[in-house]
file coords_15.cif (mmCIF, C-alpha atoms (C1' of nucleotides))
data_coords
loop_
_atom_site.label_atom_id
_atom_site.label_comp_id
_atom_site.auth_asym_id
_atom_site.auth_seq_id
_atom_site.Cartn_x
_atom_site.Cartn_y
_atom_site.Cartn_z
CA MET B 1 7.75 16.57 -1.26
CA ASP B 2 7.14 17.03 2.43
CA LYS B 3 6.50 14.12 4.72
CA ASP B 4 2.75 14.47 5.09
CA LYS B 5 2.05 14.54 1.40
CA LYS B 6 4.26 11.53 0.98
CA GLU B 7 2.30 9.61 3.56
CA PHE B 8 -1.07 10.56 2.23
CA LEU B 9 -0.24 9.55 -1.31
CA LYS B 10 -0.02 5.98 -0.17
CA GLY B 11 -2.98 3.96 -1.20
CA THR B 12 -4.40 6.60 -3.49
CA LEU B 13 -1.82 6.60 -6.25
CA ASP B 14 -3.32 3.70 -8.15
CA MET B 15 -6.77 5.25 -8.04
CA LEU B 16 -5.52 8.60 -9.27
CA ILE B 17 -3.61 7.00 -12.13
CA LEU B 18 -6.65 4.98 -13.17
CA LYS B 19 -8.78 8.11 -13.07
CA ILE B 20 -6.41 10.05 -15.29
CA VAL B 21 -6.10 7.21 -17.76
CA ALA B 22 -9.90 7.02 -17.81
CA PHE B 23 -9.97 10.26 -19.81
CA GLY B 24 -8.31 8.49 -22.71
CA PRO B 25 -5.03 6.87 -23.75
CA ILE B 26 -2.07 8.64 -22.23
CA HIS B 27 1.59 7.89 -21.65
CA GLY B 28 3.42 7.81 -18.33
CA TYR B 29 5.26 11.07 -18.56
CA ALA B 30 2.03 12.91 -19.39
CA ILE B 31 0.26 11.26 -16.45
CA SER B 32 2.71 12.75 -13.99
CA GLN B 33 2.30 16.20 -15.53
CA ARG B 34 -1.46 15.91 -15.63
CA MET B 35 -1.64 14.80 -12.01
CA LYS B 36 0.52 17.70 -10.90
CA GLU B 37 -1.51 20.11 -12.99
CA ILE B 38 -5.00 19.01 -11.94
CA SER B 39 -4.04 18.79 -8.27
CA LYS B 40 -2.51 22.27 -8.46
CA ASP B 41 0.97 20.98 -7.63
CA PHE B 42 -0.15 18.94 -4.65
CA PHE B 43 0.58 15.51 -6.06
CA GLN B 44 3.94 15.13 -7.64
CA VAL B 45 4.50 11.56 -8.67
CA HIS B 46 8.10 10.60 -9.01
CA GLN B 47 9.34 8.34 -11.76
CA GLY B 48 10.45 5.76 -9.22
CA SER B 49 6.82 5.49 -8.15
CA LEU B 50 5.06 6.04 -11.44
CA TYR B 51 6.59 3.43 -13.68
CA PRO B 52 6.44 0.58 -11.17
CA ALA B 53 2.83 1.59 -10.51
CA LEU B 54 2.00 1.45 -14.21
CA HIS B 55 3.54 -2.00 -14.50
CA ARG B 56 1.61 -3.09 -11.43
CA LEU B 57 -1.67 -1.87 -12.88
CA GLU B 58 -0.87 -3.55 -16.16
CA ASP B 59 -0.07 -6.84 -14.42
CA ARG B 60 -3.43 -6.72 -12.71
CA GLY B 61 -5.16 -6.29 -16.01
CA TRP B 62 -6.42 -2.80 -15.34
CA LEU B 63 -4.34 -1.02 -17.94
CA GLU B 64 -3.35 -1.98 -21.46
CA PRO B 65 -0.28 -0.46 -23.13
CA GLU B 66 0.33 0.38 -26.74
CA TRP B 67 3.39 1.97 -28.27
CA LYS B 68 2.49 4.96 -30.35
CA GLU B 69 3.96 8.19 -31.46
CA SER B 70 3.55 10.95 -28.90
CA GLU B 71 2.67 14.58 -29.57
CA THR B 72 6.34 15.40 -29.85
CA GLY B 73 7.07 12.77 -32.47
CA ARG B 74 8.72 10.32 -30.10
CA GLU B 75 7.69 6.77 -29.36
CA ALA B 76 5.80 6.49 -26.09
CA LYS B 77 3.78 3.86 -24.31
CA PHE B 78 0.14 4.88 -24.23
CA TYR B 79 -2.01 3.22 -21.60
CA LYS B 80 -5.72 2.74 -21.83
CA LEU B 81 -8.21 1.53 -19.26
CA THR B 82 -9.51 -2.01 -19.66
CA ARG B 83 -13.05 -3.01 -18.72
CA LYS B 84 -11.65 -4.52 -15.54
CA GLY B 85 -9.77 -1.31 -14.88
CA ARG B 86 -12.92 0.76 -15.17
CA LYS B 87 -14.65 -1.47 -12.68
CA GLN B 88 -11.70 -1.27 -10.33
CA LEU B 89 -11.72 2.51 -10.57
CA GLU B 90 -15.40 2.60 -9.64
CA ASN B 91 -14.74 0.42 -6.61
CA GLU B 92 -11.80 2.49 -5.47
CA VAL B 93 -13.70 5.75 -5.84
CA GLU B 94 -16.50 4.33 -3.77
CA SER B 95 -14.11 3.06 -1.12
CA TRP B 96 -12.38 6.40 -1.07
CA ALA B 97 -15.66 8.17 -0.42
CA ARG B 98 -16.53 5.90 2.49
CA MET B 99 -13.03 6.14 3.88
CA SER B 100 -12.83 9.91 3.74
CA ASP B 101 -16.25 10.09 5.38
CA ALA B 102 -14.96 7.88 8.18
CA VAL B 103 -11.93 10.10 8.63
CA LYS B 104 -14.09 13.20 8.62
CA THR B 105 -16.30 11.65 11.28
CA ILE B 106 -13.36 10.95 13.54
CA LEU B 107 -11.81 14.35 13.01
CA ARG B 108 -15.10 16.05 13.78
CA ALA B 109 -15.88 13.89 16.77
CA VAL B 110 -16.20 15.70 20.05
CA GLU B 111 -15.82 13.80 23.24
CA MET R 112 -10.61 -5.93 6.37
CA ASP R 113 -10.90 -5.79 2.62
CA LYS R 114 -8.07 -4.69 0.46
CA ASP R 115 -9.21 -1.16 -0.30
CA LYS R 116 -9.71 -0.24 3.32
CA LYS R 117 -6.28 -1.64 4.06
CA GLU R 118 -4.74 0.57 1.44
CA PHE R 119 -6.54 3.70 2.48
CA LEU R 120 -5.58 3.36 6.13
CA LYS R 121 -2.01 4.03 5.11
CA GLY R 122 -0.82 7.42 6.08
CA THR R 123 -3.86 8.25 8.18
CA LEU R 124 -3.36 5.91 11.10
CA ASP R 125 -1.03 8.20 13.03
CA MET R 126 -3.36 11.15 12.62
CA LEU R 127 -6.38 9.19 13.78
CA ILE R 128 -4.55 7.89 16.83
CA LEU R 129 -3.40 11.39 17.74
CA LYS R 130 -6.93 12.67 17.33
CA ILE R 131 -8.39 10.03 19.62
CA VAL R 132 -5.71 10.56 22.24
CA ALA R 133 -6.45 14.29 22.04
CA PHE R 134 -9.75 13.65 23.84
CA GLY R 135 -7.82 12.66 26.95
CA PRO R 136 -5.49 9.95 28.29
CA ILE R 137 -6.40 6.57 26.89
CA HIS R 138 -4.72 3.18 26.64
CA GLY R 139 -3.99 1.23 23.47
CA TYR R 140 -6.71 -1.32 23.68
CA ALA R 141 -9.31 1.37 24.18
CA ILE R 142 -7.98 3.34 21.22
CA SER R 143 -8.68 0.45 18.86
CA GLN R 144 -12.22 0.10 20.22
CA ARG R 145 -12.86 3.82 20.05
CA MET R 146 -11.60 4.05 16.48
CA LYS R 147 -13.83 1.19 15.40
CA GLU R 148 -16.77 2.70 17.22
CA ILE R 149 -16.47 6.29 15.97
CA SER R 150 -15.82 5.21 12.40
CA LYS R 151 -18.82 2.90 12.52
CA ASP R 152 -16.70 -0.22 11.99
CA PHE R 153 -14.83 1.20 9.05
CA PHE R 154 -11.42 1.39 10.65
CA GLN R 155 -10.34 -1.69 12.46
CA VAL R 156 -6.80 -1.28 13.68
CA HIS R 157 -5.03 -4.51 14.36
CA GLN R 158 -2.81 -4.84 17.38
CA GLY R 159 0.16 -5.56 15.17
CA SER R 160 -0.30 -2.10 13.68
CA LEU R 161 -1.47 -0.27 16.76
CA TYR R 162 1.28 -0.97 19.25
CA PRO R 163 4.17 -0.29 16.88
CA ALA R 164 2.36 2.91 15.91
CA LEU R 165 2.06 3.97 19.54
CA HIS R 166 5.76 3.35 20.10
CA ARG R 167 6.53 5.30 16.96
CA LEU R 168 4.47 8.26 18.12
CA GLU R 169 6.09 8.08 21.52
CA ASP R 170 9.57 8.00 19.99
CA ARG R 171 8.75 11.14 18.06
CA GLY R 172 7.71 12.88 21.21
CA TRP R 173 4.05 13.21 20.28
CA LEU R 174 2.70 10.92 22.93
CA GLU R 175 3.62 10.39 26.55
CA PRO R 176 2.78 7.15 28.36
CA GLU R 177 1.90 6.60 31.97
CA TRP R 178 1.00 3.34 33.68
CA LYS R 179 -2.25 3.63 35.52
CA GLU R 180 -5.11 1.49 36.59
CA SER R 181 -7.73 1.03 33.89
CA GLU R 182 -11.50 1.04 34.28
CA THR R 183 -11.40 -2.71 34.81
CA GLY R 184 -8.86 -2.57 37.62
CA ARG R 185 -5.93 -3.73 35.55
CA GLU R 186 -2.68 -1.90 34.87
CA ALA R 187 -2.66 -0.24 31.50
CA LYS R 188 -0.49 2.23 29.65
CA PHE R 189 -2.34 5.50 29.24
CA TYR R 190 -1.10 7.81 26.54
CA LYS R 191 -1.56 11.52 26.51
CA LEU R 192 -0.82 14.08 23.85
CA THR R 193 2.26 16.23 24.33
CA ARG R 194 2.42 19.84 23.21
CA LYS R 195 4.45 18.67 20.21
CA GLY R 196 1.83 16.04 19.54
CA ARG R 197 -0.95 18.59 19.49
CA LYS R 198 0.96 20.68 17.01
CA GLN R 199 1.62 17.63 14.87
CA LEU R 200 -2.05 16.74 14.91
CA GLU R 201 -2.97 20.22 13.73
CA ASN R 202 -0.50 19.94 10.89
CA GLU R 203 -1.73 16.54 9.86
CA VAL R 204 -5.35 17.60 9.92
CA GLU R 205 -4.50 20.54 7.73
CA SER R 206 -2.52 18.35 5.34
CA TRP R 207 -5.35 15.89 5.25
CA ALA R 208 -7.79 18.61 4.26
CA ARG R 209 -5.60 19.82 1.43
CA MET R 210 -4.89 16.30 0.30
CA SER R 211 -8.51 15.19 0.25
CA ASP R 212 -9.38 18.36 -1.65
CA ALA R 213 -6.72 17.49 -4.20
CA VAL R 214 -8.12 13.98 -4.55
CA LYS R 215 -11.63 15.33 -4.88
CA THR R 216 -10.49 17.71 -7.58
CA ILE R 217 -8.93 14.92 -9.59
CA LEU R 218 -11.89 12.62 -9.16
CA ARG R 219 -14.29 15.34 -10.25
CA ALA R 220 -12.16 16.50 -13.15
CA VAL R 221 -13.77 16.23 -16.53
CA GLU R 222 -11.62 16.20 -19.58
"C1'" DG X 223 28.21 20.34 -35.75
"C1'" DG X 224 27.83 20.58 -30.68
"C1'" DC X 225 25.32 21.56 -26.48
"C1'" DG X 226 21.65 21.85 -23.16
"C1'" DT X 227 16.92 21.06 -21.95
"C1'" DA X 228 12.66 18.76 -22.10
"C1'" DT X 229 10.70 14.46 -23.13
"C1'" DA X 230 10.33 9.54 -22.19
"C1'" DT X 231 11.09 4.84 -20.07
"C1'" DG X 232 13.09 2.19 -16.83
"C1'" DT X 233 15.76 -0.19 -12.53
"C1'" DC X 234 17.70 -0.59 -7.89
"C1'" DG X 235 18.19 -0.13 -2.94
"C1'" DG X 236 16.39 1.57 1.13
"C1'" DA X 237 13.07 3.35 4.41
"C1'" DC X 238 8.82 2.78 6.11
"C1'" DT X 239 4.11 0.96 7.18
"C1'" DT X 240 0.83 -2.44 7.89
"C1'" DC X 241 -0.69 -7.18 8.42
"C1'" DT X 242 -0.61 -11.99 9.95
"C1'" DA X 243 0.41 -14.73 13.39
"C1'" DG X 244 1.91 -15.62 17.19
"C1'" DG X 245 3.23 -15.09 22.73
"C1'" DC X 246 2.22 -13.73 27.55
"C1'" DA X 247 -0.53 -12.33 31.59
"C1'" DT X 248 -4.74 -10.95 34.30
"C1'" DT X 249 -9.71 -10.74 35.34
"C1'" DA X 250 -14.63 -11.99 35.22
"C1'" DG X 251 -17.99 -15.12 34.58
"C1'" DA X 252 -20.16 -19.67 33.33
"C1'" DT Y 253 -11.92 -24.93 35.89
"C1'" DC Y 254 -11.89 -23.32 31.52
"C1'" DT Y 255 -13.18 -19.65 28.43
"C1'" DA Y 256 -13.67 -15.01 26.77
"C1'" DA Y 257 -12.35 -10.45 27.17
"C1'" DT Y 258 -8.89 -7.35 28.39
"C1'" DG Y 259 -4.28 -5.64 27.92
"C1'" DC Y 260 0.61 -5.56 26.34
"C1'" DC Y 261 4.02 -6.97 23.02
"C1'" DT Y 262 7.31 -8.82 18.88
"C1'" DA Y 263 8.91 -11.10 14.55
"C1'" DG Y 264 8.59 -11.83 9.80
"C1'" DA Y 265 6.63 -10.95 5.37
"C1'" DA Y 266 4.63 -8.15 1.93
"C1'" DG Y 267 3.95 -4.10 -0.23
"C1'" DT Y 268 4.49 1.00 -1.45
"C1'" DC Y 269 6.97 4.97 -2.40
"C1'" DC Y 270 11.13 7.68 -2.92
"C1'" DG Y 271 15.84 9.14 -4.32
"C1'" DA Y 272 19.30 8.27 -7.37
"C1'" DC Y 273 20.76 6.61 -11.33
"C1'" DA Y 274 20.94 4.99 -16.38
"C1'" DT Y 275 19.55 5.48 -21.13
"C1'" DA Y 276 17.90 7.60 -25.31
"C1'" DT Y 277 15.52 10.92 -28.63
"C1'" DA Y 278 13.78 15.61 -30.26
"C1'" DC Y 279 14.44 20.39 -30.59
"C1'" DG Y 280 16.25 24.96 -30.32
"C1'" DC Y 281 20.29 27.67 -30.14
"C1'" DC Y 282 24.97 28.96 -30.95
#

call {"tool": "encode", "arguments": {"input": "coords_15.cif", "output": "structure tokens"}}
result
Amino acid sequence: MDKDKKEFLKGTLDMLILKIVAFGPIHGYAISQRMKEISKDFFQVHQGSLYPALHRLEDRGWLEPEWKESETGREAKFYKLTRKGRKQLENEVESWARMSDAVKTILRAVE
Amino acid sequence: MDKDKKEFLKGTLDMLILKIVAFGPIHGYAISQRMKEISKDFFQVHQGSLYPALHRLEDRGWLEPEWKESETGREAKFYKLTRKGRKQLENEVESWARMSDAVKTILRAVE
DNA sequence: GGCGTATATGTCGGACTTCTAGGCATTAGA
DNA sequence: TCTAATGCCTAGAAGTCCGACATATACGCC
């Protein structure tokens, strides 16, 4: 992943994970694929980022894990959004909107 | 600054600084005011973030400092964009556009 | 049966960024 | 004279993300 993408992922990863989990219970490995797929290869979350992030979100009470059998017949940890997580997602989406507006304003500013 | 804003500033600070300096030579203190002003109080860069960032950008050859007298009659370090810096800014703006599109796509995605 | 690939979870160390909290000095104004 | 605003800076802590590594199962192929 090139340097810019790396930088820009910071601070948005949690929101993107929450959003993907919001569609319904899903396990970690599938999240990384889904993220890559929806973003048309832009966001590639590495395992060293993903799993710590999932644990972080779980610790904060935004995600709830459950071991279940995956589509391929293997045991996998499916995460689902908690009520708190849904609220958090709403807040982050709103913050994101205001923040990207602010950036747009600065980038468009003419002396 | 609340937590979300803090998170979202990550990875965009350098670009915003470069953009503001692109308007013409400006010193650090004025950059923080300008950023706050243009973004309508959204981005408040703390000095502990700003000055290390300026040194970082200088080290990378994107900014060039010059001591001059400020509007208030005091000595201040005015930064101006180098040719490399202008190129870097273009790249970052382009990356930002693609990245925010990718985020938008994910946020808008419906199962 | 043996092998490689995709699936699946996880840890560890390091690089980097930002914040908090300070320090220092000058100038203008009450 | 003392206070606020201007202007520069650093040190330490906290947090995020990545690259590399470790482990294990399922499946297809030979």

call {"tool": "calpha_fit_and_write", "arguments": {"input": "coords_15.cif", "fixed": "chain B", "moving": "chain R", "output": "PDB file with C-alpha atoms, keeping the file's coordinate frame"}}
result
ATOM      1  CA  MET R 112       7.586  16.745  -1.297  1.00  0.00           C
ATOM      2  CA  ASP R 113       7.111  17.174   2.413  1.00  0.00           C
ATOM      3  CA  LYS R 114       6.566  14.270   4.683  1.00  0.00           C
ATOM      4  CA  ASP R 115       2.821  14.555   5.161  1.00  0.00           C
ATOM      5  CA  LYS R 116       2.071  14.641   1.469  1.00  0.00           C
ATOM      6  CA  LYS R 117       4.299  11.621   1.034  1.00  0.00           C
ATOM      7  CA  GLU R 118       2.338   9.720   3.615  1.00  0.00           C
ATOM      8  CA  PHE R 119      -1.048  10.655   2.281  1.00  0.00           C
ATOM      9  CA  LEU R 120      -0.227   9.630  -1.273  1.00  0.00           C
ATOM     10  CA  LYS R 121      -0.097   6.058  -0.066  1.00  0.00           C
ATOM     11  CA  GLY R 122      -3.026   4.036  -1.153  1.00  0.00           C
ATOM     12  CA  THR R 123      -4.405   6.678  -3.489  1.00  0.00           C
ATOM     13  CA  LEU R 124      -1.809   6.619  -6.230  1.00  0.00           C
ATOM     14  CA  ASP R 125      -3.332   3.713  -8.135  1.00  0.00           C
ATOM     15  CA  MET R 126      -6.774   5.275  -8.048  1.00  0.00           C
ATOM     16  CA  LEU R 127      -5.514   8.620  -9.285  1.00  0.00           C
ATOM     17  CA  ILE R 128      -3.599   7.014 -12.130  1.00  0.00           C
ATOM     18  CA  LEU R 129      -6.648   5.007 -13.166  1.00  0.00           C
ATOM     19  CA  LYS R 130      -8.760   8.137 -13.059  1.00  0.00           C
ATOM     20  CA  ILE R 131      -6.387  10.081 -15.281  1.00  0.00           C
ATOM     21  CA  VAL R 132      -6.072   7.228 -17.749  1.00  0.00           C
ATOM     22  CA  ALA R 133      -9.875   7.051 -17.814  1.00  0.00           C
ATOM     23  CA  PHE R 134      -9.914  10.316 -19.783  1.00  0.00           C
ATOM     24  CA  GLY R 135      -8.271   8.535 -22.700  1.00  0.00           C
ATOM     25  CA  PRO R 136      -4.994   6.870 -23.727  1.00  0.00           C
ATOM     26  CA  ILE R 137      -2.038   8.639 -22.194  1.00  0.00           C
ATOM     27  CA  HIS R 138       1.628   7.845 -21.640  1.00  0.00           C
ATOM     28  CA  GLY R 139       3.462   7.764 -18.322  1.00  0.00           C
ATOM     29  CA  TYR R 140       5.298  11.008 -18.558  1.00  0.00           C
ATOM     30  CA  ALA R 141       2.108  12.851 -19.380  1.00  0.00           C
ATOM     31  CA  ILE R 142       0.305  11.228 -16.460  1.00  0.00           C
ATOM     32  CA  SER R 143       2.766  12.722 -13.986  1.00  0.00           C
ATOM     33  CA  GLN R 144       2.358  16.171 -15.548  1.00  0.00           C
ATOM     34  CA  ARG R 145      -1.409  15.897 -15.637  1.00  0.00           C
ATOM     35  CA  MET R 146      -1.588  14.793 -12.012  1.00  0.00           C
ATOM     36  CA  LYS R 147       0.571  17.700 -10.914  1.00  0.00           C
ATOM     37  CA  GLU R 148      -1.462  20.094 -13.004  1.00  0.00           C
ATOM     38  CA  ILE R 149      -4.957  18.994 -11.948  1.00  0.00           C
ATOM     39  CA  SER R 150      -4.013  18.799  -8.287  1.00  0.00           C
ATOM     40  CA  LYS R 151      -2.483  22.260  -8.465  1.00  0.00           C
ATOM     41  CA  ASP R 152       1.006  20.988  -7.620  1.00  0.00           C
ATOM     42  CA  PHE R 153      -0.134  18.975  -4.653  1.00  0.00           C
ATOM     43  CA  PHE R 154       0.611  15.547  -6.038  1.00  0.00           C
ATOM     44  CA  GLN R 155       3.982  15.159  -7.593  1.00  0.00           C
ATOM     45  CA  VAL R 156       4.518  11.571  -8.604  1.00  0.00           C
ATOM     46  CA  HIS R 157       8.118  10.606  -8.979  1.00  0.00           C
ATOM     47  CA  GLN R 158       9.184   8.388 -11.826  1.00  0.00           C
ATOM     48  CA  GLY R 159      10.432   5.792  -9.391  1.00  0.00           C
ATOM     49  CA  SER R 160       6.864   5.471  -8.137  1.00  0.00           C
ATOM     50  CA  LEU R 161       5.034   6.012 -11.387  1.00  0.00           C
ATOM     51  CA  TYR R 162       6.548   3.396 -13.650  1.00  0.00           C
ATOM     52  CA  PRO R 163       6.409   0.546 -11.142  1.00  0.00           C
ATOM     53  CA  ALA R 164       2.808   1.571 -10.479  1.00  0.00           C
ATOM     54  CA  LEU R 165       1.971   1.429 -14.176  1.00  0.00           C
ATOM     55  CA  HIS R 166       3.495  -2.033 -14.459  1.00  0.00           C
ATOM     56  CA  ARG R 167       1.564  -3.100 -11.395  1.00  0.00           C
ATOM     57  CA  LEU R 168      -1.711  -1.878 -12.855  1.00  0.00           C
ATOM     58  CA  GLU R 169      -0.905  -3.569 -16.128  1.00  0.00           C
ATOM     59  CA  ASP R 170      -0.107  -6.847 -14.375  1.00  0.00           C
ATOM     60  CA  ARG R 171      -3.482  -6.720 -12.687  1.00  0.00           C
ATOM     61  CA  GLY R 172      -5.189  -6.287 -15.993  1.00  0.00           C
ATOM     62  CA  TRP R 173      -6.449  -2.776 -15.322  1.00  0.00           C
ATOM     63  CA  LEU R 174      -4.363  -1.041 -17.916  1.00  0.00           C
ATOM     64  CA  GLU R 175      -3.370  -1.980 -21.432  1.00  0.00           C
ATOM     65  CA  PRO R 176      -0.303  -0.468 -23.101  1.00  0.00           C
ATOM     66  CA  GLU R 177       0.280   0.343 -26.722  1.00  0.00           C
ATOM     67  CA  TRP R 178       3.345   1.922 -28.294  1.00  0.00           C
ATOM     68  CA  LYS R 179       2.420   4.912 -30.354  1.00  0.00           C
ATOM     69  CA  GLU R 180       3.887   8.150 -31.479  1.00  0.00           C
ATOM     70  CA  SER R 181       3.513  10.931 -28.932  1.00  0.00           C
ATOM     71  CA  GLU R 182       2.631  14.563 -29.564  1.00  0.00           C
ATOM     72  CA  THR R 183       6.325  15.349 -29.867  1.00  0.00           C
ATOM     73  CA  GLY R 184       6.998  12.718 -32.511  1.00  0.00           C
ATOM     74  CA  ARG R 185       8.672  10.261 -30.193  1.00  0.00           C
ATOM     75  CA  GLU R 186       7.626   6.701 -29.412  1.00  0.00           C
ATOM     76  CA  ALA R 187       5.781   6.443 -26.150  1.00  0.00           C
ATOM     77  CA  LYS R 188       3.774   3.831 -24.311  1.00  0.00           C
ATOM     78  CA  PHE R 189       0.136   4.850 -24.212  1.00  0.00           C
ATOM     79  CA  TYR R 190      -1.999   3.220 -21.576  1.00  0.00           C
ATOM     80  CA  LYS R 191      -5.704   2.767 -21.792  1.00  0.00           C
ATOM     81  CA  LEU R 192      -8.198   1.559 -19.243  1.00  0.00           C
ATOM     82  CA  THR R 193      -9.510  -1.970 -19.647  1.00  0.00           C
ATOM     83  CA  ARG R 194     -13.048  -2.946 -18.731  1.00  0.00           C
ATOM     84  CA  LYS R 195     -11.646  -4.484 -15.544  1.00  0.00           C
ATOM     85  CA  GLY R 196      -9.773  -1.275 -14.892  1.00  0.00           C
ATOM     86  CA  ARG R 197     -12.910   0.802 -15.170  1.00  0.00           C
ATOM     87  CA  LYS R 198     -14.656  -1.435 -12.697  1.00  0.00           C
ATOM     88  CA  GLN R 199     -11.699  -1.231 -10.346  1.00  0.00           C
ATOM     89  CA  LEU R 200     -11.710   2.539 -10.570  1.00  0.00           C
ATOM     90  CA  GLU R 201     -15.385   2.644  -9.656  1.00  0.00           C
ATOM     91  CA  ASN R 202     -14.728   0.456  -6.652  1.00  0.00           C
ATOM     92  CA  GLU R 203     -11.803   2.523  -5.507  1.00  0.00           C
ATOM     93  CA  VAL R 204     -13.690   5.770  -5.862  1.00  0.00           C
ATOM     94  CA  GLU R 205     -16.492   4.340  -3.796  1.00  0.00           C
ATOM     95  CA  SER R 206     -14.070   3.068  -1.160  1.00  0.00           C
ATOM     96  CA  TRP R 207     -12.370   6.411  -1.110  1.00  0.00           C
ATOM     97  CA  ALA R 208     -15.658   8.164  -0.439  1.00  0.00           C
ATOM     98  CA  ARG R 209     -16.510   5.886   2.451  1.00  0.00           C
ATOM     99  CA  MET R 210     -13.013   6.106   3.827  1.00  0.00           C
ATOM    100  CA  SER R 211     -12.806   9.886   3.708  1.00  0.00           C
ATOM    101  CA  ASP R 212     -16.220  10.052   5.361  1.00  0.00           C
ATOM    102  CA  ALA R 213     -14.926   7.809   8.123  1.00  0.00           C
ATOM    103  CA  VAL R 214     -11.886  10.034   8.586  1.00  0.00           C
ATOM    104  CA  LYS R 215     -14.055  13.124   8.610  1.00  0.00           C
ATOM    105  CA  THR R 216     -16.282  11.573  11.235  1.00  0.00           C
ATOM    106  CA  ILE R 217     -13.353  10.835  13.500  1.00  0.00           C
ATOM    107  CA  LEU R 218     -11.801  14.240  13.014  1.00  0.00           C
ATOM    108  CA  ARG R 219     -15.087  15.959  13.788  1.00  0.00           C
ATOM    109  CA  ALA R 220     -15.910  13.755  16.746  1.00  0.00           C
ATOM    110  CA  VAL R 221     -16.276  15.544  20.026  1.00  0.00           C
ATOM    111  CA  GLU R 222     -15.953  13.616  23.204  1.00  0.00           C
TER     112      GLU R 222
END

call {"tool": "closest_residue", "arguments": {"input": "coords_15.cif", "among": "Y:DC282, Y:DC261, Y:DC254, Y:DA276", "to": "chain R", "atoms": "only C-alpha atoms (C1' of nucleotides)"}}
result
Y:DC261

call {"tool": "interface_residues", "arguments": {"input": "coords_15.cif", "of": "chain X", "to": "chain B", "cutoff": "10 Å", "atoms": "only C-alpha atoms (C1' of nucleotides)", "output": "list in words"}}
result
DT229, DA230, DT231, DG232, DT233, DC234, DC238 and DT239 of chain X

call {"tool": "write_last_selection", "arguments": {"input": "coords_15.cif", "atoms": "C-alpha atoms (C1' of nucleotides)", "output": "short mmCIF file (atom, residue, chain, number, x, y, z; two decimals), in the frame of the given file"}}
result
data_model
loop_
_atom_site.label_atom_id
_atom_site.label_comp_id
_atom_site.auth_asym_id
_atom_site.auth_seq_id
_atom_site.Cartn_x
_atom_site.Cartn_y
_atom_site.Cartn_z
"C1'" DT X 229 10.70 14.46 -23.13
"C1'" DA X 230 10.33 9.54 -22.19
"C1'" DT X 231 11.09 4.84 -20.07
"C1'" DG X 232 13.09 2.19 -16.83
"C1'" DT X 233 15.76 -0.19 -12.53
"C1'" DC X 234 17.70 -0.59 -7.89
"C1'" DC X 238 8.82 2.78 6.11
"C1'" DT X 239 4.11 0.96 7.18
#

call {"tool": "closest_atom_pairs", "arguments": {"input": "coords_15.cif", "of": "chain B", "to": "chain R", "cutoff": "12 Å", "atoms": "only C-alpha atoms", "output": "CSV"}}
result
residue,atom,partner,partner_atom,distance
B:Asp2,CA,R:Ser206,CA,10.2
B:Lys3,CA,R:Ser206,CA,10.0
B:Asp4,CA,R:Ser206,CA,6.5
B:Lys5,CA,R:Ser206,CA,7.1
B:Lys6,CA,R:Gly122,CA,8.3
B:Glu7,CA,R:Gly122,CA,4.6
B:Phe8,CA,R:Gly122,CA,5.0
B:Leu9,CA,R:Gly122,CA,7.7
B:Lys10,CA,R:Lys121,CA,6.0
B:Gly11,CA,R:Glu118,CA,4.6
B:Thr12,CA,R:Phe119,CA,7.0
B:Leu13,CA,R:Val214,CA,9.9
B:Asp14,CA,R:Glu118,CA,10.2
B:Met15,CA,R:Leu218,CA,9.0
B:Leu16,CA,R:Ile217,CA,7.2
B:Ile17,CA,R:Ile217,CA,9.9
B:Leu18,CA,R:Leu218,CA,10.1
B:Lys19,CA,R:Leu218,CA,6.7
B:Ile20,CA,R:Ile217,CA,7.9
B:Val21,CA,R:Glu222,CA,10.7
B:Ala22,CA,R:Glu222,CA,9.5
B:Phe23,CA,R:Glu222,CA,6.2
B:Gly24,CA,R:Glu222,CA,9.0
B:Arg34,CA,R:Ile217,CA,9.7
B:Met35,CA,R:Ile217,CA,7.7
B:Lys36,CA,R:Ala213,CA,9.9
B:Glu37,CA,R:Ile217,CA,9.7
B:Ile38,CA,R:Ile217,CA,6.1
B:Ser39,CA,R:Ala213,CA,5.0
B:Lys40,CA,R:Ala213,CA,7.7
B:Asp41,CA,R:Ala213,CA,9.1
B:Phe42,CA,R:Ala213,CA,6.7
B:Phe43,CA,R:Ala213,CA,7.8
B:Gln44,CA,R:Ala213,CA,11.4
B:Gln88,CA,R:Asp115,CA,10.3
B:Leu89,CA,R:Leu218,CA,10.2
B:Glu90,CA,R:Leu218,CA,10.6
B:Asn91,CA,R:Asp115,CA,8.5
B:Glu92,CA,R:Asp115,CA,6.8
B:Val93,CA,R:Leu218,CA,7.8
B:Glu94,CA,R:Asp115,CA,9.8
B:Ser95,CA,R:Asp115,CA,6.5
B:Trp96,CA,R:Phe119,CA,7.3
B:Ala97,CA,R:Lys215,CA,9.3
B:Arg98,CA,R:Phe153,CA,8.2
B:Met99,CA,R:Phe119,CA,7.1
B:Ser100,CA,R:Ser211,CA,7.7
B:Asp101,CA,R:Ser150,CA,8.6
B:Ala102,CA,R:Ser150,CA,5.1
B:Val103,CA,R:Ser150,CA,7.3
B:Lys104,CA,R:Ser150,CA,9.0
B:Thr105,CA,R:Ser150,CA,6.6
B:Ile106,CA,R:Ile149,CA,6.1
B:Leu107,CA,R:Lys130,CA,6.7
B:Arg108,CA,R:Lys130,CA,9.5
B:Ala109,CA,R:Ile149,CA,7.7
B:Val110,CA,R:Phe134,CA,7.8
B:Glu111,CA,R:Phe134,CA,6.1

call {"tool": "resolve_selection", "arguments": {"input": "coords_15.cif", "expression": "the PyMOL selection byres ((chain X and resi 252) around 12)", "output": "count of residues only"}}
result
6

call {"tool": "decode", "arguments": {"input": "coords_15.cif", "residues": "range 224-229 of chain X", "atoms": "C-alpha atoms (C1' of nucleotides)", "output": "mmCIF file, in the first residue's frame"}}
result
data_model
loop_
_atom_site.group_PDB
_atom_site.id
_atom_site.type_symbol
_atom_site.label_atom_id
_atom_site.label_comp_id
_atom_site.auth_asym_id
_atom_site.auth_seq_id
_atom_site.Cartn_x
_atom_site.Cartn_y
_atom_site.Cartn_z
ATOM 1 C "C1'" DG X 224 1.010 -35.827 0.390
ATOM 2 C "C1'" DC X 225 1.148 -31.095 -1.194
ATOM 3 C "C1'" DG X 226 -0.157 -26.387 -2.053
ATOM 4 C "C1'" DT X 227 -3.481 -22.743 -1.675
ATOM 5 C "C1'" DA X 228 -7.128 -20.301 0.387
ATOM 6 C "C1'" DT X 229 -9.278 -19.583 4.653
#
